[in-house]
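Novice: query14.cif is reproduced below (mmCIF, C-alpha atoms).
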data_work
#
loop_
_atom_site.group_PDB
_atom_site.id
_atom_site.type_symbol
_atom_site.label_atom_id
_atom_site.label_comp_id
_atom_site.auth_asym_id
_atom_site.auth_seq_id
_atom_site.Cartn_x
_atom_site.Cartn_y
_atom_site.Cartn_z
ATOM 1 C CA MET A 37 48.913 -17.146 -59.745
ATOM 2 C CA PHE A 38 48.306 -19.571 -62.590
ATOM 3 C CA LEU A 39 48.792 -22.509 -60.201
ATOM 4 C CA ILE A 40 46.224 -21.088 -57.813
ATOM 5 C CA LEU A 41 43.642 -20.536 -60.556
ATOM 6 C CA CYS A 42 44.139 -24.031 -61.974
ATOM 7 C CA SER A 43 43.998 -25.634 -58.540
ATOM 8 C CA SER A 44 40.882 -23.685 -57.627
ATOM 9 C CA PHE A 45 39.232 -24.791 -60.863
ATOM 10 C CA VAL A 46 40.155 -28.423 -60.179
ATOM 11 C CA LEU A 47 38.740 -28.188 -56.655
ATOM 12 C CA LEU A 48 35.558 -26.623 -57.975
ATOM 13 C CA ILE A 49 35.056 -29.357 -60.602
ATOM 14 C CA ALA A 50 35.940 -32.043 -58.081
ATOM 15 C CA GLY A 51 33.514 -30.635 -55.544
ATOM 16 C CA VAL A 52 30.725 -30.480 -58.097
ATOM 17 C CA TYR A 53 31.550 -33.981 -59.232
ATOM 18 C CA LEU A 54 31.522 -35.391 -55.718
ATOM 19 C CA GLN A 55 28.176 -33.743 -55.063
ATOM 20 C CA THR A 56 26.603 -35.163 -58.239
ATOM 21 C CA ILE A 57 27.754 -38.802 -58.086
ATOM 22 C CA PRO A 58 25.818 -41.310 -56.000
ATOM 23 C CA GLU A 59 27.113 -42.011 -52.545
ATOM 24 C CA SER A 60 27.834 -45.658 -53.360
ATOM 25 C CA LYS A 61 30.044 -44.682 -56.271
ATOM 26 C CA ALA A 62 31.699 -41.951 -54.303
ATOM 27 C CA ASN A 63 32.764 -44.464 -51.725
ATOM 28 C CA ASP A 64 34.325 -46.468 -54.552
ATOM 29 C CA CYS A 65 36.746 -43.638 -55.291
ATOM 30 C CA PRO A 66 39.120 -43.537 -52.315
ATOM 31 C CA ARG A 67 42.058 -42.531 -54.537
ATOM 32 C CA PHE A 68 40.190 -39.569 -55.973
ATOM 33 C CA ASP A 69 39.110 -38.510 -52.469
ATOM 34 C CA TYR A 70 42.712 -38.767 -51.261
ATOM 35 C CA GLU A 71 44.020 -36.695 -54.140
ATOM 36 C CA TYR A 72 41.293 -34.138 -53.628
ATOM 37 C CA LYS A 73 42.195 -33.709 -49.950
ATOM 38 C CA LEU A 74 45.890 -33.613 -50.781
ATOM 39 C CA LEU A 75 45.330 -30.912 -53.360
ATOM 40 C CA GLU A 76 43.183 -28.993 -50.912
ATOM 41 C CA ARG A 77 45.957 -29.200 -48.303
ATOM 42 C CA LEU A 78 48.562 -28.040 -50.825
ATOM 43 C CA LEU A 79 46.386 -25.080 -51.714
ATOM 44 C CA ARG A 80 45.972 -24.165 -48.061
ATOM 45 C CA ILE A 81 49.743 -24.345 -47.631
ATOM 46 C CA GLU A 82 50.188 -22.166 -50.734
ATOM 47 C CA PHE A 83 47.734 -19.584 -49.422
ATOM 48 C CA ALA A 84 49.394 -19.605 -45.978
ATOM 49 C CA GLN A 85 52.807 -19.173 -47.595
ATOM 50 C CA ARG A 86 51.622 -16.209 -49.640
ATOM 51 C CA GLU A 87 50.028 -14.597 -46.575
ATOM 52 C CA SER A 88 53.283 -15.167 -44.684
ATOM 53 C CA ASP A 89 55.290 -13.544 -47.500
ATOM 54 C CA ALA A 90 52.955 -10.536 -47.501
ATOM 55 C CA THR A 91 53.289 -10.228 -43.733
ATOM 56 C CA ILE A 92 57.085 -10.385 -43.967
ATOM 57 C CA GLU A 93 57.079 -7.666 -46.650
ATOM 58 C CA GLN A 94 54.879 -5.438 -44.478
ATOM 59 C CA LEU A 95 57.198 -5.957 -41.503
ATOM 60 C CA HIS A 96 60.187 -5.195 -43.738
ATOM 61 C CA GLN A 97 58.609 -1.898 -44.828
ATOM 62 C CA LYS A 98 57.808 -0.978 -41.230
ATOM 63 C CA LEU A 99 61.410 -1.732 -40.276
ATOM 64 C CA LYS A 100 62.669 0.581 -43.041
ATOM 65 C CA HIS A 101 60.379 3.370 -41.811
ATOM 66 C CA LEU A 102 61.590 2.846 -38.244
ATOM 67 C CA GLN A 103 65.227 2.962 -39.365
ATOM 68 C CA THR A 104 64.570 6.229 -41.246
ATOM 69 C CA ASP A 105 62.826 7.667 -38.197
ATOM 70 C CA VAL A 106 65.753 6.704 -35.956
ATOM 71 C CA ILE A 107 68.239 8.361 -38.344
ATOM 72 C CA GLN A 108 66.173 11.559 -38.450
ATOM 73 C CA ARG A 109 65.893 11.633 -34.668
ATOM 74 C CA GLU A 110 69.645 11.149 -34.338
ATOM 75 C CA GLU A 111 70.281 14.032 -36.766
ATOM 76 C CA ILE A 112 67.907 16.306 -34.826
ATOM 77 C CA GLN A 113 69.585 15.378 -31.563
ATOM 78 C CA HIS A 114 72.993 15.984 -33.139
ATOM 79 C CA LEU A 115 71.912 19.497 -34.156
ATOM 80 C CA LYS A 116 70.585 20.149 -30.650
ATOM 81 C CA ASP A 117 73.865 18.953 -29.130
ATOM 82 C CA ASN A 118 75.860 21.147 -31.501
ATOM 83 C CA LYS A 119 73.704 24.124 -30.594
ATOM 84 C CA ALA A 120 74.181 23.449 -26.877
ATOM 85 C CA ASN A 121 77.935 23.057 -27.385
ATOM 86 C CA GLY A 122 78.498 26.366 -29.174
ATOM 87 C CA PHE A 123 77.073 25.800 -32.635
ATOM 88 C CA GLY A 124 76.307 29.241 -34.131
ATOM 89 C CA SER A 125 78.189 32.443 -34.890
ATOM 90 C CA THR A 126 79.434 35.648 -33.283
ATOM 91 C CA TYR A 127 79.441 39.337 -34.157
ATOM 92 C CA VAL A 128 80.576 42.614 -32.623
ATOM 93 C CA ARG A 129 77.988 45.128 -31.506
ATOM 94 C CA TRP A 130 79.848 48.429 -31.852
ATOM 95 C CA GLY A 131 78.908 51.205 -29.449
ATOM 96 C CA ARG A 132 77.145 48.981 -26.883
ATOM 97 C CA THR A 133 78.098 46.775 -23.932
ATOM 98 C CA THR A 134 75.043 44.491 -24.032
ATOM 99 C CA CYS A 135 73.612 42.180 -26.700
ATOM 100 C CA SER A 136 70.179 42.574 -28.235
ATOM 101 C CA GLY A 137 68.628 39.683 -26.326
ATOM 102 C CA ASN A 138 67.165 38.409 -29.593
ATOM 103 C CA GLY A 139 68.288 34.835 -28.989
ATOM 104 C CA THR A 140 71.824 36.064 -28.257
ATOM 105 C CA GLU A 141 74.224 35.862 -25.347
ATOM 106 C CA LEU A 142 77.106 38.074 -24.289
ATOM 107 C CA VAL A 143 80.572 36.616 -24.868
ATOM 108 C CA TYR A 144 82.483 39.611 -23.522
ATOM 109 C CA LYS A 145 82.376 43.402 -23.473
ATOM 110 C CA GLY A 146 85.136 45.949 -23.758
ATOM 111 C CA PHE A 147 86.568 48.879 -25.670
ATOM 112 C CA ALA A 148 86.643 49.634 -29.384
ATOM 113 C CA GLY A 149 90.142 50.277 -30.670
ATOM 114 C CA GLY A 150 92.497 50.326 -33.626
ATOM 115 C CA SER A 151 95.416 52.170 -35.159
ATOM 116 C CA GLN A 152 96.229 55.844 -34.622
ATOM 117 C CA TYR A 153 94.633 57.996 -37.287
ATOM 118 C CA THR A 154 97.954 59.445 -38.577
ATOM 119 C CA HIS A 155 99.956 56.186 -38.734
ATOM 120 C CA THR A 156 100.334 55.166 -42.363
ATOM 121 C CA GLY A 157 101.843 51.743 -41.763
ATOM 122 C CA SER A 158 99.356 50.505 -39.200
ATOM 123 C CA SER A 159 96.550 47.970 -39.464
ATOM 124 C CA ALA A 160 93.123 48.905 -40.746
ATOM 125 C CA ASP A 161 91.431 46.342 -38.485
ATOM 126 C CA PHE A 162 88.927 47.610 -35.953
ATOM 127 C CA LEU A 163 89.150 45.671 -32.682
ATOM 128 C CA CYS A 164 86.839 44.959 -29.778
ATOM 129 C CA LEU A 165 89.303 44.789 -26.891
ATOM 130 C CA THR A 166 88.179 42.947 -23.767
ATOM 131 C CA GLU A 167 87.882 44.851 -20.492
ATOM 132 C CA GLU A 168 89.558 41.893 -18.770
ATOM 133 C CA PRO A 169 92.895 41.532 -20.600
ATOM 134 C CA ILE A 170 95.587 39.007 -19.697
ATOM 135 C CA LEU A 171 98.732 40.867 -20.733
ATOM 136 C CA GLY A 172 102.114 39.606 -21.885
ATOM 137 C CA ARG A 173 105.635 40.672 -20.879
ATOM 138 C CA SER A 174 106.663 44.326 -20.572
ATOM 139 C CA VAL A 175 108.375 45.820 -23.648
ATOM 140 C CA ALA A 176 107.751 49.515 -22.908
ATOM 141 C CA GLY A 177 109.714 51.745 -25.261
ATOM 142 C CA ALA A 178 110.892 48.845 -27.421
ATOM 143 C CA ASP A 179 110.910 49.310 -31.189
ATOM 144 C CA PRO A 180 109.753 48.273 -33.670
ATOM 145 C CA SER A 181 106.194 47.374 -32.724
ATOM 146 C CA GLY A 182 102.639 48.069 -33.710
ATOM 147 C CA TYR A 183 100.260 50.130 -31.601
ATOM 148 C CA VAL A 184 96.611 49.950 -30.688
ATOM 149 C CA TYR A 185 94.597 52.928 -29.440
ATOM 150 C CA GLY A 186 91.147 53.381 -28.086
ATOM 151 C CA ALA A 187 88.431 54.598 -30.460
ATOM 152 C CA GLU A 188 86.707 57.960 -30.176
ATOM 153 C CA TYR A 189 83.477 59.214 -31.674
ATOM 154 C CA GLU A 190 84.385 62.186 -33.892
ATOM 155 C CA ILE A 191 80.872 63.468 -34.517
ATOM 156 C CA TYR A 192 79.852 67.111 -34.605
ATOM 157 C CA ALA A 193 76.542 68.665 -33.650
ATOM 158 C CA GLY A 194 75.309 69.087 -37.218
ATOM 159 C CA SER A 195 75.915 65.448 -38.161
ATOM 160 C CA ASN A 196 75.436 63.565 -34.896
ATOM 161 C CA PRO A 197 72.751 60.875 -35.331
ATOM 162 C CA PHE A 198 73.216 59.530 -31.789
ATOM 163 C CA SER A 199 71.363 60.747 -28.711
ATOM 164 C CA MET A 200 73.713 59.533 -25.972
ATOM 165 C CA VAL A 201 77.206 60.340 -27.274
ATOM 166 C CA SER A 202 79.078 63.450 -28.296
ATOM 167 C CA ILE A 203 82.410 64.317 -29.848
ATOM 168 C CA GLN A 204 85.484 62.704 -28.290
ATOM 169 C CA ASP A 205 83.556 60.187 -26.201
ATOM 170 C CA ASN A 206 85.258 56.799 -26.184
ATOM 171 C CA MET A 207 83.467 53.921 -27.868
ATOM 172 C CA PRO A 208 82.579 50.646 -26.117
ATOM 173 C CA CYS A 209 81.774 47.338 -27.795
ATOM 174 C CA CYS A 210 80.713 43.804 -27.030
ATOM 175 C CA VAL A 211 80.902 40.414 -28.713
ATOM 176 C CA CYS A 212 77.593 38.559 -28.992
ATOM 177 C CA LYS A 213 76.850 34.937 -29.842
ATOM 178 C CA THR A 214 73.759 33.695 -31.655
ATOM 179 C CA SER A 215 72.643 30.153 -32.471
ATOM 180 C CA ARG A 216 72.055 31.315 -36.053
ATOM 181 C CA THR A 217 75.014 30.478 -38.268
ATOM 182 C CA ALA A 218 75.255 33.320 -40.808
ATOM 183 C CA ILE A 219 76.025 36.973 -39.993
ATOM 184 C CA LEU A 220 75.711 39.784 -42.519
ATOM 185 C CA MET A 221 76.211 43.560 -42.207
ATOM 186 C CA ILE A 222 74.256 45.458 -44.861
ATOM 187 C CA PRO A 223 75.379 49.075 -45.414
ATOM 188 C CA GLY A 224 72.679 51.501 -46.469
ATOM 189 C CA ARG A 225 69.732 49.650 -44.878
ATOM 190 C CA LYS A 226 68.020 49.608 -41.493
ATOM 191 C CA VAL A 227 65.863 46.557 -42.231
ATOM 192 C CA CYS A 228 67.032 43.008 -42.987
ATOM 193 C CA TYR A 229 65.845 41.202 -46.077
ATOM 194 C CA PRO A 230 63.076 38.590 -45.703
ATOM 195 C CA GLY A 231 64.215 35.410 -43.989
ATOM 196 C CA TRP A 232 66.901 37.177 -41.930
ATOM 197 C CA THR A 233 66.773 38.189 -38.252
ATOM 198 C CA THR A 234 67.759 41.710 -37.176
ATOM 199 C CA GLU A 235 70.538 41.777 -34.577
ATOM 200 C CA TYR A 236 70.838 45.562 -34.436
ATOM 201 C CA THR A 237 70.574 48.657 -36.624
ATOM 202 C CA GLY A 238 72.832 51.680 -36.706
ATOM 203 C CA TYR A 239 74.994 54.032 -38.734
ATOM 204 C CA LEU A 240 78.040 53.310 -40.848
ATOM 205 C CA MET A 241 81.264 54.843 -39.482
ATOM 206 C CA SER A 242 84.899 54.953 -40.613
ATOM 207 C CA GLY A 243 88.024 57.087 -40.443
ATOM 208 C CA TYR A 244 88.170 60.586 -41.923
ATOM 209 C CA HIS A 245 88.964 60.612 -45.659
ATOM 210 C CA GLY A 246 91.801 63.122 -45.226
ATOM 211 C CA HIS A 247 93.697 61.184 -42.537
ATOM 212 C CA PRO A 248 96.590 58.949 -43.604
ATOM 213 C CA GLY A 249 95.723 56.040 -41.308
ATOM 214 C CA ALA A 250 93.650 53.247 -42.858
ATOM 215 C CA THR A 251 90.369 52.133 -41.299
ATOM 216 C CA ASN A 252 87.499 49.730 -41.892
ATOM 217 C CA TYR A 253 83.829 50.559 -42.162
ATOM 218 C CA VAL A 254 81.871 49.410 -39.120
ATOM 219 C CA CYS A 255 78.203 49.447 -38.170
ATOM 220 C CA VAL A 256 77.768 51.402 -34.913
ATOM 221 C CA ASP A 257 74.571 50.805 -32.979
ATOM 222 C CA GLU A 258 71.934 53.533 -33.394
ATOM 223 C CA ASN A 259 71.669 53.622 -29.583
ATOM 224 C CA ALA A 260 75.425 54.000 -29.144
ATOM 225 C CA GLU A 261 76.681 54.931 -25.690
ATOM 226 C CA PRO A 262 79.987 56.289 -24.397
ATOM 227 C CA ALA A 263 82.504 54.001 -22.743
ATOM 228 C CA LEU A 264 83.014 54.539 -19.040
ATOM 229 C CA GLY A 265 86.300 56.134 -18.102
ATOM 230 C CA ASN A 266 88.692 58.328 -20.029
ATOM 231 C CA SER A 267 86.613 60.427 -22.394
ATOM 232 C CA GLY A 268 88.293 63.392 -23.979
ATOM 233 C CA SER A 269 90.517 64.106 -26.946
ATOM 234 C CA HIS A 270 93.318 61.532 -26.998
ATOM 235 C CA ASP A 271 93.537 61.390 -30.798
ATOM 236 C CA GLY A 272 93.653 57.637 -31.074
ATOM 237 C CA HIS A 273 91.480 55.693 -33.487
ATOM 238 C CA LEU A 274 88.947 58.251 -34.718
ATOM 239 C CA LEU A 275 85.570 57.350 -36.205
ATOM 240 C CA TYR A 276 83.316 59.575 -38.281
ATOM 241 C CA VAL A 277 79.858 59.093 -39.729
ATOM 242 C CA VAL A 278 79.757 58.242 -43.441
ATOM 243 C CA GLN A 279 77.808 60.071 -46.128
ATOM 244 C CA ALA A 280 77.048 59.170 -49.718
ATOM 245 C CA VAL A 281 78.811 60.893 -52.639
ATOM 246 C CA CYS A 282 77.068 60.785 -55.990
ATOM 247 C CA GLY A 283 78.922 59.983 -59.183
ATOM 248 C CA SER A 284 80.115 56.425 -59.534
ATOM 249 C CA LEU A 285 77.636 55.775 -56.716
ATOM 250 C CA PRO A 286 74.220 56.090 -58.396
ATOM 251 C CA CYS A 287 71.811 58.737 -57.110
ATOM 252 C CA PRO A 288 69.059 57.713 -56.784
ATOM 253 C CA PRO A 289 68.781 55.347 -55.016
ATOM 254 C CA TYR A 290 71.490 57.077 -52.936
ATOM 255 C CA ALA A 291 71.489 60.812 -52.235
ATOM 256 C CA GLU A 292 74.324 63.306 -51.889
ATOM 257 C CA GLY A 293 75.169 64.218 -48.319
ATOM 258 C CA ARG A 294 72.852 61.675 -46.654
ATOM 259 C CA LEU A 295 74.227 59.548 -43.813
ATOM 260 C CA LEU A 296 74.505 55.849 -44.522
ATOM 261 C CA THR A 297 72.629 53.578 -42.149
ATOM 262 C CA CYS A 298 73.428 49.903 -41.583
ATOM 263 C CA VAL A 299 71.927 46.731 -40.153
ATOM 264 C CA VAL A 300 73.458 43.529 -38.828
ATOM 265 C CA CYS A 301 71.431 40.447 -39.746
ATOM 266 C CA SER A 302 71.637 36.739 -38.936
ATOM 267 C CA LYS A 303 70.168 33.550 -40.358
#
Translate the structure of the given file into structure tokens.

Specialist:
Amino acid sequence: MFLILCSSFVLLIAGVYLQTIPESKANDCPRFDYEYKLLERLLRIEFAQRESDATIEQLHQKLKHLQTDVIQREEIQHLKDNKANGFGSTYVRWGRTTCSGNGTELVYKGFAGGSQYTHTGSSADFLCLTEEPILGRSVAGADPSGYVYGAEYEIYAGSNPFSMVSIQDNMPCCVCKTSRTAILMIPGRKVCYPGWTTEYTGYLMSGYHGHPGATNYVCVDENAEPALGNSGSHDGHLLYVVQAVCGSLPCPPYAEGRLLTCVVCSK
């Protein structure tokens, strides 16, 4: 910068000088004229070089922006590919054979099942068994082994929150897939918290408190339906609606004897 200012000042003085001296004397200064033109050329080269450097810097910045844009596009495409290739999560919709359609797809449908309600050593897991099983070898009558039974709604007229099922109907189920990655069942609510998507709402169900067999709590769809086929009392895996009991559970916000609702949410 200092060189440019000094050179510009020299050119200015030289130009003024050349304009003020007589033509005859100016012609007597070929060396000064040569140096003036040389300095002018050097300044032009300096200016051109600086403009070239500025252009290169601008191109460098544009290249960095393009590289960032390419990386972002690749990440977006990667997410799209993951989504198309199964990226997401699954959940069981208890009591139904179809998914909500809220950006979901059906993986399979089948029958709800678990341990027999009097078996003390059995699993507490609640299963959604496919209606298209591929079975293993026959071991009928062999001991020891675990057992799995179909699930039955054990709901009586005074506490039945469902419109399409009655006591001893068998329970269906289906497994649904969503592109959203997080699944959460919230007991005691029928509405998801802000930022979450509702998959389905329903009522909390579990085994009877006086039976020895262990069970899990599950959220059964509020529009639960019976499974096709063998309804009737087979005393397999029995499910009852769940009510709140005040004490260690604070009331309010809970209330004695009120059925607990539930909602399955995704994000």

Novice: When you look at stretch 221-237 of chain A with a cut-off of 9 Å (counting all atoms listed in the file), what residues show up, excluding the ones that are within fewer than 2 positions of it in the same chain? I need them as a ChimeraX atom specification.

Specialist: /A:129,135-138,140,216,219,239-240,254-259,290,295-303

Novice: Between A:His96, A:Thr156, A:Cys287, A:Cys282, which has the minimum distance to A:His247 (counting only C-alpha atoms)?

Specialist: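 Selected residue with least distance to A:His247: A:Thr156.
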
Novice: Take the point (101.5, 50.5, -31.3) as written in the file and pick out every residue within 9 Å of it, counting only C-alpha atoms; give the list as a list in words.

Specialist: Ser151, Gln152, Ser158, Pro180, Ser181, Gly182, Tyr183, Val184 and Tyr185 of chain A

Novice: Just give me the gap between atom CA of A:Thr134 and atom CA of A:Tyr189 in Å, one decimal is fine.

Specialist: 18.6 Å

Novice: Using all atoms listed in the file, find the one residue out of A:Ala148, A:Val128, A:Val175, A:Ala187 that sits nearest to A:Gly272.

Specialist: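 Once distances to A:Gly272 are computed over all atoms listed in the file, the minimum belongs to A:Ala187.
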
Novice: Write only C-alpha atoms for stretch 179-246 of chain A from the block just shown, as a PDB file, in the first residue's frame.

Specialist:
ATOM      1  CA  ASP A 179     -40.437 -81.210  29.072  1.00  0.00           C
ATOM      2  CA  PRO A 180     -39.103 -78.864  30.206  1.00  0.00           C
ATOM      3  CA  SER A 181     -40.185 -76.010  27.958  1.00  0.00           C
ATOM      4  CA  GLY A 182     -41.842 -72.645  28.092  1.00  0.00           C
ATOM      5  CA  TYR A 183     -45.333 -71.991  26.774  1.00  0.00           C
ATOM      6  CA  VAL A 184     -47.034 -69.203  24.898  1.00  0.00           C
ATOM      7  CA  TYR A 185     -50.804 -68.681  24.852  1.00  0.00           C
ATOM      8  CA  GLY A 186     -53.116 -66.404  23.004  1.00  0.00           C
ATOM      9  CA  ALA A 187     -54.328 -63.256  24.769  1.00  0.00           C
ATOM     10  CA  GLU A 188     -57.926 -62.637  25.782  1.00  0.00           C
ATOM     11  CA  TYR A 189     -59.716 -59.446  26.713  1.00  0.00           C
ATOM     12  CA  GLU A 190     -60.950 -59.894  30.297  1.00  0.00           C
ATOM     13  CA  ILE A 191     -63.214 -56.857  30.457  1.00  0.00           C
ATOM     14  CA  TYR A 192     -66.613 -56.741  32.117  1.00  0.00           C
ATOM     15  CA  ALA A 193     -69.625 -54.651  31.200  1.00  0.00           C
ATOM     16  CA  GLY A 194     -69.112 -52.073  33.943  1.00  0.00           C
ATOM     17  CA  SER A 195     -65.491 -51.368  32.997  1.00  0.00           C
ATOM     18  CA  ASN A 196     -65.383 -52.004  29.253  1.00  0.00           C
ATOM     19  CA  PRO A 197     -64.095 -48.889  27.445  1.00  0.00           C
ATOM     20  CA  PHE A 198     -64.150 -50.585  24.026  1.00  0.00           C
ATOM     21  CA  SER A 199     -67.098 -50.635  21.640  1.00  0.00           C
ATOM     22  CA  MET A 200     -66.179 -53.631  19.477  1.00  0.00           C
ATOM     23  CA  VAL A 201     -64.912 -56.247  21.946  1.00  0.00           C
ATOM     24  CA  SER A 202     -66.323 -58.097  24.915  1.00  0.00           C
ATOM     25  CA  ILE A 203     -65.075 -60.474  27.569  1.00  0.00           C
ATOM     26  CA  GLN A 204     -63.075 -63.478  26.361  1.00  0.00           C
ATOM     27  CA  ASP A 205     -62.587 -62.190  22.822  1.00  0.00           C
ATOM     28  CA  ASN A 206     -59.092 -62.920  21.546  1.00  0.00           C
ATOM     29  CA  MET A 207     -56.802 -59.976  20.905  1.00  0.00           C
ATOM     30  CA  PRO A 208     -55.130 -59.269  17.546  1.00  0.00           C
ATOM     31  CA  CYS A 209     -52.081 -57.085  16.960  1.00  0.00           C
ATOM     32  CA  CYS A 210     -49.887 -55.728  14.213  1.00  0.00           C
ATOM     33  CA  VAL A 211     -46.361 -54.384  13.873  1.00  0.00           C
ATOM     34  CA  CYS A 212     -46.080 -50.984  12.190  1.00  0.00           C
ATOM     35  CA  LYS A 213     -43.063 -49.156  10.793  1.00  0.00           C
ATOM     36  CA  THR A 214     -42.611 -45.391  10.727  1.00  0.00           C
ATOM     37  CA  SER A 215     -39.827 -43.274   9.235  1.00  0.00           C
ATOM     38  CA  ARG A 216     -39.656 -41.412  12.557  1.00  0.00           C
ATOM     39  CA  THR A 217     -36.898 -42.792  14.761  1.00  0.00           C
ATOM     40  CA  ALA A 218     -38.176 -42.488  18.346  1.00  0.00           C
ATOM     41  CA  ILE A 219     -41.193 -44.330  19.797  1.00  0.00           C
ATOM     42  CA  LEU A 220     -42.679 -43.547  23.197  1.00  0.00           C
ATOM     43  CA  MET A 221     -45.715 -44.956  25.040  1.00  0.00           C
ATOM     44  CA  ILE A 222     -47.071 -42.492  27.600  1.00  0.00           C
ATOM     45  CA  PRO A 223     -49.388 -44.017  30.237  1.00  0.00           C
ATOM     46  CA  GLY A 224     -52.100 -41.743  31.567  1.00  0.00           C
ATOM     47  CA  ARG A 225     -52.391 -39.498  28.483  1.00  0.00           C
ATOM     48  CA  LYS A 226     -54.358 -39.529  25.239  1.00  0.00           C
ATOM     49  CA  VAL A 227     -52.437 -36.654  23.640  1.00  0.00           C
ATOM     50  CA  CYS A 228     -48.732 -36.540  22.751  1.00  0.00           C
ATOM     51  CA  TYR A 229     -46.541 -33.724  23.971  1.00  0.00           C
ATOM     52  CA  PRO A 230     -45.662 -30.917  21.526  1.00  0.00           C
ATOM     53  CA  GLY A 231     -43.221 -31.968  18.827  1.00  0.00           C
ATOM     54  CA  TRP A 232     -44.369 -35.610  18.849  1.00  0.00           C
ATOM     55  CA  THR A 233     -46.669 -37.376  16.368  1.00  0.00           C
ATOM     56  CA  THR A 234     -49.588 -39.493  17.601  1.00  0.00           C
ATOM     57  CA  GLU A 235     -49.499 -43.081  16.336  1.00  0.00           C
ATOM     58  CA  TYR A 236     -52.559 -44.243  18.264  1.00  0.00           C
ATOM     59  CA  THR A 237     -54.389 -43.716  21.552  1.00  0.00           C
ATOM     60  CA  GLY A 238     -55.929 -46.303  23.827  1.00  0.00           C
ATOM     61  CA  TYR A 239     -56.208 -47.784  27.299  1.00  0.00           C
ATOM     62  CA  LEU A 240     -53.549 -49.310  29.505  1.00  0.00           C
ATOM     63  CA  MET A 241     -54.016 -53.054  30.119  1.00  0.00           C
ATOM     64  CA  SER A 242     -52.179 -55.715  32.131  1.00  0.00           C
ATOM     65  CA  GLY A 243     -52.725 -58.968  33.992  1.00  0.00           C
ATOM     66  CA  TYR A 244     -54.992 -59.205  37.036  1.00  0.00           C
ATOM     67  CA  HIS A 245     -53.254 -58.219  40.291  1.00  0.00           C
ATOM     68  CA  GLY A 246     -54.329 -61.424  42.052  1.00  0.00           C
TER      69      GLY A 246
END
